[in-house]
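work_7.tsv, holding TSV, C-alpha atoms and all ligand atoms:
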chain	number	residue	atom	x	y	z
A	19	MET	CA	-99.15	-40.66	-57.85
A	20	ILE	CA	-95.34	-40.64	-57.94
A	21	ALA	CA	-93.50	-43.28	-55.92
A	22	PHE	CA	-89.82	-43.94	-55.32
A	23	ASP	CA	-88.87	-47.39	-54.04
A	24	ASN	CA	-85.31	-47.79	-52.86
A	25	VAL	CA	-84.08	-45.51	-55.63
A	26	ALA	CA	-80.45	-44.65	-56.25
A	27	TYR	CA	-78.92	-42.30	-58.79
A	28	ASN	CA	-75.37	-41.94	-59.96
A	29	TYR	CA	-74.09	-39.68	-62.77
A	30	GLY	CA	-70.90	-41.74	-62.86
A	31	GLY	CA	-68.94	-40.07	-60.09
A	32	GLY	CA	-70.37	-42.00	-57.15
A	33	GLU	CA	-73.87	-42.28	-55.76
A	34	LEU	CA	-75.65	-38.94	-55.47
A	35	LEU	CA	-78.95	-40.29	-54.12
A	36	SER	CA	-79.43	-43.63	-52.40
A	37	GLU	CA	-82.15	-45.64	-50.71
A	38	VAL	CA	-84.81	-43.09	-51.59
A	39	SER	CA	-88.27	-44.41	-50.81
A	40	LEU	CA	-91.20	-42.00	-50.71
A	41	ARG	CA	-94.61	-41.29	-52.14
A	42	LEU	CA	-96.14	-38.10	-53.43
A	43	ALA	CA	-99.81	-38.80	-52.75
A	44	PRO	CA	-102.50	-37.21	-54.93
A	45	GLY	CA	-103.27	-33.70	-53.71
A	46	SER	CA	-100.20	-33.49	-51.47
A	47	PHE	CA	-97.86	-30.50	-51.15
A	48	HIS	CA	-94.17	-31.18	-50.58
A	49	PHE	CA	-91.09	-29.04	-50.36
A	50	LEU	CA	-87.70	-30.53	-51.14
A	51	THR	CA	-84.75	-28.87	-49.54
A	52	GLY	CA	-81.05	-29.54	-49.10
A	53	PRO	CA	-77.70	-27.90	-49.80
A	54	SER	CA	-76.63	-26.81	-53.24
A	55	GLY	CA	-75.52	-29.83	-55.24
A	56	ALA	CA	-77.34	-32.28	-52.95
A	57	GLY	CA	-79.47	-33.58	-55.82
A	58	LYS	CA	-82.75	-31.65	-55.77
A	59	THR	CA	-82.88	-31.11	-59.52
A	60	THR	CA	-81.80	-34.69	-60.06
A	61	PHE	CA	-84.67	-35.89	-57.87
A	62	LEU	CA	-87.13	-33.81	-59.92
A	63	LYS	CA	-85.73	-35.24	-63.15
A	64	LEU	CA	-86.29	-38.74	-61.81
A	65	ALA	CA	-89.86	-37.74	-60.87
A	66	TYR	CA	-90.75	-36.70	-64.41
A	67	ALA	CA	-88.86	-39.50	-66.15
A	68	GLU	CA	-86.14	-37.27	-67.55
A	69	LEU	CA	-83.66	-39.61	-65.85
A	70	LEU	CA	-83.97	-43.32	-65.10
A	71	PRO	CA	-82.86	-44.50	-61.67
A	72	THR	CA	-79.60	-46.44	-61.55
A	73	ALA	CA	-81.21	-48.72	-58.95
A	74	GLY	CA	-84.68	-49.15	-57.50
A	75	ARG	CA	-88.02	-48.21	-58.99
A	76	VAL	CA	-89.73	-44.95	-59.86
A	77	THR	CA	-93.45	-45.29	-60.53
A	78	ILE	CA	-95.42	-42.44	-62.10
A	79	PHE	CA	-99.21	-42.72	-62.33
A	80	ASP	CA	-98.94	-46.43	-61.43
A	81	ARG	CA	-96.44	-47.25	-64.16
A	82	GLU	CA	-92.79	-48.00	-63.62
A	83	VAL	CA	-90.74	-45.55	-65.67
A	84	ARG	CA	-88.29	-48.18	-66.82
A	85	GLY	CA	-91.05	-49.90	-68.81
A	86	LEU	CA	-92.29	-46.75	-70.55
A	87	THR	CA	-91.89	-46.31	-74.29
A	88	ARG	CA	-90.94	-42.90	-75.67
A	89	ASP	CA	-94.63	-42.24	-76.45
A	90	ASP	CA	-95.61	-43.26	-72.92
A	91	VAL	CA	-93.06	-40.82	-71.53
A	92	ALA	CA	-94.51	-38.03	-73.69
A	93	LEU	CA	-98.03	-38.82	-72.46
A	94	THR	CA	-96.88	-39.02	-68.86
A	95	ARG	CA	-95.13	-35.64	-69.14
A	96	ARG	CA	-98.37	-34.00	-70.24
A	97	ARG	CA	-99.75	-34.77	-66.81
A	98	ILE	CA	-96.75	-33.21	-65.07
A	99	GLY	CA	-96.10	-29.48	-65.30
A	100	VAL	CA	-92.49	-28.52	-64.67
A	101	VAL	CA	-91.16	-25.09	-63.75
A	102	HIS	CA	-87.44	-25.32	-64.48
A	103	GLN	CA	-84.74	-23.58	-62.50
A	104	ASP	CA	-83.48	-21.66	-65.53
A	105	VAL	CA	-86.70	-20.62	-67.21
A	106	GLN	CA	-86.32	-20.56	-70.99
A	107	PHE	CA	-88.62	-18.85	-73.46
A	108	LEU	CA	-88.54	-18.28	-77.19
A	109	ASP	CA	-87.52	-14.63	-77.10
A	110	HIS	CA	-88.96	-13.74	-80.51
A	111	LEU	CA	-92.47	-14.91	-79.58
A	112	PRO	CA	-94.89	-12.95	-77.39
A	113	LEU	CA	-95.49	-14.13	-73.87
A	114	ALA	CA	-98.96	-15.50	-74.68
A	115	ALA	CA	-97.55	-17.70	-77.46
A	116	ASN	CA	-94.81	-18.94	-75.14
A	117	VAL	CA	-97.33	-19.87	-72.45
A	118	ALA	CA	-99.51	-21.64	-75.04
A	119	MET	CA	-96.54	-23.51	-76.52
A	120	PRO	CA	-97.24	-26.88	-74.81
A	121	LEU	CA	-100.71	-26.88	-76.42
A	122	MET	CA	-99.23	-26.16	-79.85
A	123	VAL	CA	-96.58	-28.84	-79.47
A	124	SER	CA	-99.15	-31.46	-78.50
A	125	GLY	CA	-101.42	-30.46	-81.42
A	126	ARG	CA	-104.23	-29.24	-79.17
A	127	THR	CA	-106.15	-26.09	-79.88
A	128	GLY	CA	-106.89	-24.57	-76.52
A	129	ASP	CA	-109.71	-22.12	-75.93
A	130	PRO	CA	-108.20	-18.60	-76.24
A	131	ARG	CA	-110.36	-17.52	-73.28
A	132	ASP	CA	-108.60	-20.13	-71.12
A	133	LEU	CA	-105.24	-18.61	-72.07
A	134	THR	CA	-106.51	-15.13	-71.21
A	135	ASP	CA	-107.88	-16.37	-67.88
A	136	LEU	CA	-104.62	-18.13	-67.09
A	137	LEU	CA	-102.53	-15.03	-67.83
A	138	GLN	CA	-104.85	-12.99	-65.64
A	139	TRP	CA	-104.64	-15.54	-62.86
A	140	VAL	CA	-100.84	-15.18	-62.73
A	141	GLY	CA	-101.17	-11.38	-62.94
A	142	LEU	CA	-99.86	-11.07	-66.51
A	143	GLY	CA	-103.13	-10.21	-68.23
A	144	GLN	CA	-101.66	-7.00	-69.64
A	145	LEU	CA	-98.42	-8.56	-70.84
A	146	GLY	CA	-99.59	-11.21	-73.31
A	147	ASP	CA	-98.06	-9.28	-76.23
A	148	ALA	CA	-94.77	-8.52	-74.47
A	149	LEU	CA	-91.61	-10.31	-75.56
A	150	PRO	CA	-89.81	-12.39	-72.90
A	151	PRO	CA	-86.71	-10.14	-72.74
A	152	GLN	CA	-89.02	-7.29	-71.64
A	153	LEU	CA	-90.18	-9.19	-68.54
A	154	SER	CA	-88.91	-8.92	-64.98
A	155	GLY	CA	-87.69	-11.98	-63.08
A	156	GLY	CA	-90.97	-12.31	-61.20
A	157	GLU	CA	-92.98	-11.99	-64.39
A	158	ARG	CA	-90.88	-14.68	-66.04
A	159	GLN	CA	-91.43	-17.05	-63.11
A	160	ARG	CA	-95.18	-16.48	-63.17
A	161	ALA	CA	-95.21	-16.99	-66.95
A	162	ALA	CA	-93.28	-20.24	-66.44
A	163	LEU	CA	-95.88	-21.38	-63.93
A	164	ALA	CA	-98.69	-20.51	-66.36
A	165	ARG	CA	-96.94	-22.52	-69.08
A	166	ALA	CA	-96.51	-25.44	-66.69
A	167	VAL	CA	-100.23	-25.58	-65.91
A	168	ILE	CA	-101.73	-24.86	-69.33
A	169	MET	CA	-102.12	-28.56	-70.14
A	170	GLY	CA	-104.08	-29.10	-66.92
A	171	PRO	CA	-101.46	-31.34	-65.28
A	172	ASP	CA	-102.19	-33.41	-62.18
A	173	VAL	CA	-98.72	-32.76	-60.75
A	174	ILE	CA	-96.60	-29.60	-60.68
A	175	LEU	CA	-92.87	-29.80	-60.02
A	176	ALA	CA	-91.12	-26.48	-59.46
A	177	ASP	CA	-87.33	-26.14	-59.20
A	178	GLU	CA	-86.33	-23.09	-57.12
A	179	PRO	CA	-89.25	-21.07	-58.53
A	180	THR	CA	-88.50	-18.15	-56.21
A	181	GLY	CA	-84.70	-18.38	-56.60
A	182	ASN	CA	-84.05	-14.82	-57.76
A	183	LEU	CA	-87.19	-13.13	-56.51
A	184	ASP	CA	-87.69	-10.63	-53.74
A	185	TRP	CA	-89.82	-11.65	-50.78
A	186	GLU	CA	-93.03	-10.03	-51.99
A	187	MET	CA	-92.81	-11.75	-55.36
A	188	SER	CA	-91.87	-15.06	-53.70
A	189	LEU	CA	-95.05	-14.85	-51.62
A	190	ARG	CA	-97.08	-14.12	-54.72
A	191	LEU	CA	-95.72	-17.21	-56.43
A	192	LEU	CA	-96.27	-19.27	-53.30
A	193	THR	CA	-99.91	-18.14	-53.23
A	194	LEU	CA	-100.38	-19.40	-56.79
A	195	LEU	CA	-98.88	-22.77	-55.88
A	196	VAL	CA	-101.11	-23.02	-52.80
A	197	GLU	CA	-104.16	-22.18	-54.94
A	198	LEU	CA	-103.22	-24.92	-57.39
A	199	ASN	CA	-102.92	-27.36	-54.50
A	200	LYS	CA	-106.35	-26.33	-53.24
A	201	MET	CA	-107.67	-27.18	-56.72
A	202	GLY	CA	-106.38	-30.69	-56.11
A	203	LYS	CA	-102.99	-30.57	-57.83
A	204	THR	CA	-100.07	-32.47	-56.36
A	205	ILE	CA	-97.20	-30.04	-55.79
A	206	LEU	CA	-93.48	-30.46	-55.18
A	207	VAL	CA	-91.29	-27.38	-54.79
A	208	ALA	CA	-87.50	-27.62	-54.53
A	209	THR	CA	-86.19	-24.64	-52.60
A	210	HIS	CA	-83.38	-23.37	-50.40
A	211	ASP	CA	-85.70	-20.82	-48.87
A	212	LEU	CA	-86.61	-21.96	-45.37
A	213	ASN	CA	-88.59	-18.76	-44.73
A	214	LEU	CA	-90.77	-19.60	-47.71
A	215	ILE	CA	-91.36	-23.08	-46.30
A	216	ARG	CA	-92.24	-21.73	-42.86
A	217	THR	CA	-94.68	-19.25	-44.40
A	218	ALA	CA	-96.25	-21.93	-46.58
A	219	LYS	CA	-96.84	-24.18	-43.60
A	220	ASN	CA	-99.27	-21.57	-42.26
A	221	GLN	CA	-101.28	-21.81	-45.46
A	222	VAL	CA	-101.20	-25.44	-46.48
A	223	ALA	CA	-100.49	-28.87	-45.01
A	224	ALA	CA	-97.06	-29.07	-46.60
A	225	ARG	CA	-94.50	-31.75	-45.82
A	226	VAL	CA	-90.81	-31.06	-46.07
A	227	LEU	CA	-88.38	-33.53	-47.59
A	228	ARG	CA	-84.72	-32.96	-46.86
A	229	ILE	CA	-81.72	-34.38	-48.70
A	230	ARG	CA	-78.97	-35.26	-46.29
A	231	ASN	CA	-76.09	-37.68	-46.87
A	232	ARG	CA	-77.64	-38.87	-50.15
A	233	ARG	CA	-80.87	-39.89	-48.43
A	234	ILE	CA	-84.19	-38.08	-48.54
A	235	GLN	CA	-86.02	-37.87	-45.25
A	236	LEU	CA	-89.11	-36.14	-43.97
A	237	ALA	CA	-87.94	-33.15	-41.96
A	238	GLY	CA	-89.34	-32.64	-38.48
A	239	ALA	CA	-90.63	-29.43	-36.96
A	240	ASP	CA	-87.05	-28.15	-36.51
A	241	LEU	CA	-86.96	-26.07	-39.67
B	301	LIG	N1	-75.58	-34.27	-66.17
B	301	LIG	C1	-74.76	-34.36	-65.12
B	301	LIG	N2	-73.62	-35.07	-65.20
B	301	LIG	C2	-72.79	-35.18	-64.15
B	301	LIG	N3	-73.02	-34.61	-62.95
B	301	LIG	C3	-74.14	-33.91	-62.81
B	301	LIG	C4	-75.08	-33.74	-63.88
B	301	LIG	N4	-76.10	-32.98	-63.44
B	301	LIG	C5	-75.83	-32.68	-62.16
B	301	LIG	N5	-74.66	-33.24	-61.78
B	301	LIG	C6	-74.05	-33.14	-60.45
B	301	LIG	O1	-74.91	-33.75	-59.51
B	301	LIG	C7	-74.93	-33.01	-58.29
B	301	LIG	C8	-76.36	-32.65	-57.93
B	301	LIG	O2	-76.87	-31.74	-58.89
B	301	LIG	P1	-78.35	-31.17	-58.75
B	301	LIG	O3	-78.48	-30.13	-59.83
B	301	LIG	O4	-79.31	-32.29	-58.73
B	301	LIG	O5	-78.29	-30.49	-57.31
B	301	LIG	P2	-79.24	-29.42	-56.63
B	301	LIG	O6	-79.48	-29.88	-55.23
B	301	LIG	O7	-80.43	-29.17	-57.50
B	301	LIG	O8	-78.32	-28.13	-56.62
B	301	LIG	P3	-78.67	-26.56	-56.61
B	301	LIG	O9	-79.41	-26.29	-55.33
B	301	LIG	O10	-77.32	-25.90	-56.66
B	301	LIG	O11	-79.50	-26.31	-57.84
B	301	LIG	C9	-74.02	-31.81	-58.51
B	301	LIG	O12	-72.76	-32.11	-57.94
B	301	LIG	C10	-73.93	-31.70	-60.00
B	301	LIG	O13	-72.70	-31.15	-60.39

Could you quickly redo this structure as structure tokens?
Ligand SMILES: Nc1ncnc2c1ncn2[C@@H]1O[C@H](COP(=O)(O)OP(=O)(O)OP(=O)(O)O)[C@@H](O)[C@H]1O
Amino acid sequence: MIAFDNVAYNYGGGELLSEVSLRLAPGSFHFLTGPSGAGKTTFLKLAYAELLPTAGRVTIFDREVRGLTRDDVALTRRRIGVVHQDVQFLDHLPLAANVAMPLMVSGRTGDPRDLTDLLQWVGLGQLGDALPPQLSGGERQRAALARAVIMGPDVILADEPTGNLDWEMSLRLLTLLVELNKMGKTILVATHDLNLIRTAKNQVAARVLRIRNRRIQLAGADL
């Protein structure tokens, strides 16, 4: 689904990632961990064609990103839902309109019942009319996840989705991600939270990728 072949990335100050070769198979669940500044967000950006590798090949849905036109990139992105580390909403629009924004932008008219169902699924059924500044951190993260899945993506990439959440809310978000995986979605979650990873491994066959010395390796059972 998404493949990295001998990928390197460099912002200009030396290589940040090198010799990265891995595959995110359809329906898989991966965590990506590593110290702050190791390159987790950069890896995610490579995986949704926000950045092009400085060496090697990234292939998304069987197409090498370097050969994609701007329109191809837009189409590819519709199949990848991203939950960004710093979740941004349009503060003057109600939550429901924010969650539905990807549909509006792509010119699709979604079924309003689907939007209602989605908000209920993330536990925000009563908050569709609320404005983003009125939401708690956990509510914002769940709204961001709803927005990431509204287009029915095949892949969900989440960057520290539980970063500022308490444990109970982290588990709630994890449950949603596990449910999405059980529906067949391919999931990658970047996180520092090793407890979250350990808990997830009891619920889903998750693999753990670890960034160490610019390389990304599958972690063993020593987490
Ligand atoms: N646009 C950019 N230009 C130059 N350097 C950048 C840019 N974006 C990120 N970096 C640098 O690349 C390194 C990796 O950043 P990245 O955000 O990928 O790390 P991370 O593992 O996600 O970190 P964190 O866990 O703190 O979010 C950092 O040293 C960062 O300062």

Can you build me a table of stretch 57-95 of chain A residues sitting at most 10 Å from stretch 42-45 of chain A, with the closest atom pair per residue and its distance in Å to one decimal, using all atoms listed in the file, sorted by chain and residue number, as CSV?
residue,atom,partner,partner_atom,distance
A:Ala65,CA,A:Leu42,CA,9.7
A:Ile78,CA,A:Leu42,CA,9.7
A:Phe79,CA,A:Pro44,CA,9.8

Item to complete: Could you tell me which of A:Ser154, A:Ser188, A:Thr87, A:Leu145 comes closest to A:Ile215 if we count all atoms listed in the file?
Response: A:Ser188

To test the calculation: enclose all listed atoms of ligand LIG 301 (chain B) in a box whose edges run along x, y and z, add 6 Å on each side, then state centre and edge lengths in Å to one decimal, as lines of an AutoDock Vina configuration file.
center_x = -76.6
center_y = -30.5
center_z = -60.7
size_x = 19.7
size_y = 21.3
size_z = 22.9

Discussion item. Residues within 7 Å of stretch 157-166 of chain A, please, as a PyMOL selection string. Count all atoms listed in the file; anything in the same chain fewer than 2 positions from it doesn't count.
Written reply: chain A and resi 99-101+105+117-118+136-137+140+153-155+168+179+191

Worksheet item: Between A:Leu113, A:Ala237, A:Leu108, A:Val207, which has the minimum distance to ligand LIG 301 (chain B) (counting only C-alpha atoms and all ligand atoms)?
Response: A:Val207

Can you list every residue of chain A that has an atom at most 9 Å from ligand LIG 301 (chain B), with its nearest atom pair and the distance in Å to one decimal, using all atoms listed in the file, ordered by chain then number, as CSV?
residue,atom,partner,partner_atom,distance
A:Asn28,CA,B:LIG301,O1,8.2
A:Tyr29,CA,B:LIG301,C2,4.9
A:Gly30,CA,B:LIG301,C2,6.9
A:Gly31,CA,B:LIG301,N3,7.4
A:Leu34,CA,B:LIG301,C7,6.6
A:Leu35,CA,B:LIG301,C8,8.9
A:Thr51,CA,B:LIG301,O6,7.8
A:Gly52,CA,B:LIG301,O6,6.3
A:Pro53,CA,B:LIG301,O9,6.0
A:Ser54,CA,B:LIG301,O9,3.5
A:Gly55,CA,B:LIG301,O5,3.5
A:Ala56,CA,B:LIG301,O6,3.9
A:Gly57,CA,B:LIG301,O4,3.2
A:Lys58,CA,B:LIG301,O6,3.8
A:Thr59,CA,B:LIG301,O7,3.7
A:Thr60,CA,B:LIG301,O4,3.7
A:Phe61,CA,B:LIG301,O4,6.5
A:Leu62,CA,B:LIG301,O4,8.1
A:Lys63,CA,B:LIG301,O4,8.3
A:Gln103,CA,B:LIG301,O11,7.5
A:Asp177,CA,B:LIG301,O7,7.7
A:Glu178,CA,B:LIG301,O11,7.6
A:Ala208,CA,B:LIG301,O7,7.8
A:Thr209,CA,B:LIG301,O9,7.5
A:His210,CA,B:LIG301,O9,7.0
A:Ile229,CA,B:LIG301,O6,8.2

Worksheet item: Of the candidates A:Thr134, A:Gln152, A:Thr180, A:Ser39, which one gets nearest to A:Leu212 if we count all atoms listed in the file?
Response: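 When distances to A:Leu212 are compared using all atoms listed in the file, the smallest one comes from A:Thr180.
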
Item to complete: Mind giving me the straight-line distance from atom CA of A:Asn182 to atom CA of A:Arg41 in Å, one decimal?
Response: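 Taking atom CA of A:Asn182 and atom CA of A:Arg41, their separation equals 29.0 Å.
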
List every protein, DNA or RNA residue that has at least one atom no more than 12 Å from (-103.0, -32.7, -57.2) in the file's coordinates, counting only C-alpha atoms, and write the result as a PDB file with C-alpha atoms, in the coordinates of the input.
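Saved as point_34.pdb:
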ATOM      1  CA  MET A  19     -99.150 -40.660 -57.850  1.00  0.00           C
ATOM      2  CA  ILE A  20     -95.340 -40.640 -57.940  1.00  0.00           C
ATOM      3  CA  LEU A  42     -96.140 -38.100 -53.430  1.00  0.00           C
ATOM      4  CA  ALA A  43     -99.810 -38.800 -52.750  1.00  0.00           C
ATOM      5  CA  PRO A  44    -102.500 -37.210 -54.930  1.00  0.00           C
ATOM      6  CA  GLY A  45    -103.270 -33.700 -53.710  1.00  0.00           C
ATOM      7  CA  SER A  46    -100.200 -33.490 -51.470  1.00  0.00           C
ATOM      8  CA  PHE A  47     -97.860 -30.500 -51.150  1.00  0.00           C
ATOM      9  CA  HIS A  48     -94.170 -31.180 -50.580  1.00  0.00           C
ATOM     10  CA  PHE A  79     -99.210 -42.720 -62.330  1.00  0.00           C
ATOM     11  CA  ARG A  97     -99.750 -34.770 -66.810  1.00  0.00           C
ATOM     12  CA  ILE A  98     -96.750 -33.210 -65.070  1.00  0.00           C
ATOM     13  CA  GLY A  99     -96.100 -29.480 -65.300  1.00  0.00           C
ATOM     14  CA  VAL A 167    -100.230 -25.580 -65.910  1.00  0.00           C
ATOM     15  CA  GLY A 170    -104.080 -29.100 -66.920  1.00  0.00           C
ATOM     16  CA  PRO A 171    -101.460 -31.340 -65.280  1.00  0.00           C
ATOM     17  CA  ASP A 172    -102.190 -33.410 -62.180  1.00  0.00           C
ATOM     18  CA  VAL A 173     -98.720 -32.760 -60.750  1.00  0.00           C
ATOM     19  CA  ILE A 174     -96.600 -29.600 -60.680  1.00  0.00           C
ATOM     20  CA  LEU A 175     -92.870 -29.800 -60.020  1.00  0.00           C
ATOM     21  CA  LEU A 195     -98.880 -22.770 -55.880  1.00  0.00           C
ATOM     22  CA  VAL A 196    -101.110 -23.020 -52.800  1.00  0.00           C
ATOM     23  CA  GLU A 197    -104.160 -22.180 -54.940  1.00  0.00           C
ATOM     24  CA  LEU A 198    -103.220 -24.920 -57.390  1.00  0.00           C
ATOM     25  CA  ASN A 199    -102.920 -27.360 -54.500  1.00  0.00           C
ATOM     26  CA  LYS A 200    -106.350 -26.330 -53.240  1.00  0.00           C
ATOM     27  CA  MET A 201    -107.670 -27.180 -56.720  1.00  0.00           C
ATOM     28  CA  GLY A 202    -106.380 -30.690 -56.110  1.00  0.00           C
ATOM     29  CA  LYS A 203    -102.990 -30.570 -57.830  1.00  0.00           C
ATOM     30  CA  THR A 204    -100.070 -32.470 -56.360  1.00  0.00           C
ATOM     31  CA  ILE A 205     -97.200 -30.040 -55.790  1.00  0.00           C
ATOM     32  CA  LEU A 206     -93.480 -30.460 -55.180  1.00  0.00           C
TER      33      LEU A 206
END

Worksheet item: How many Å separate atom CA of A:Arg230 from atom CA of A:Glu33?
Response: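 These two atoms are separated by 12.8 Å.
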
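Atom CA of A:Ala67 is found 6.4 Å from atom CA of A:Val83.
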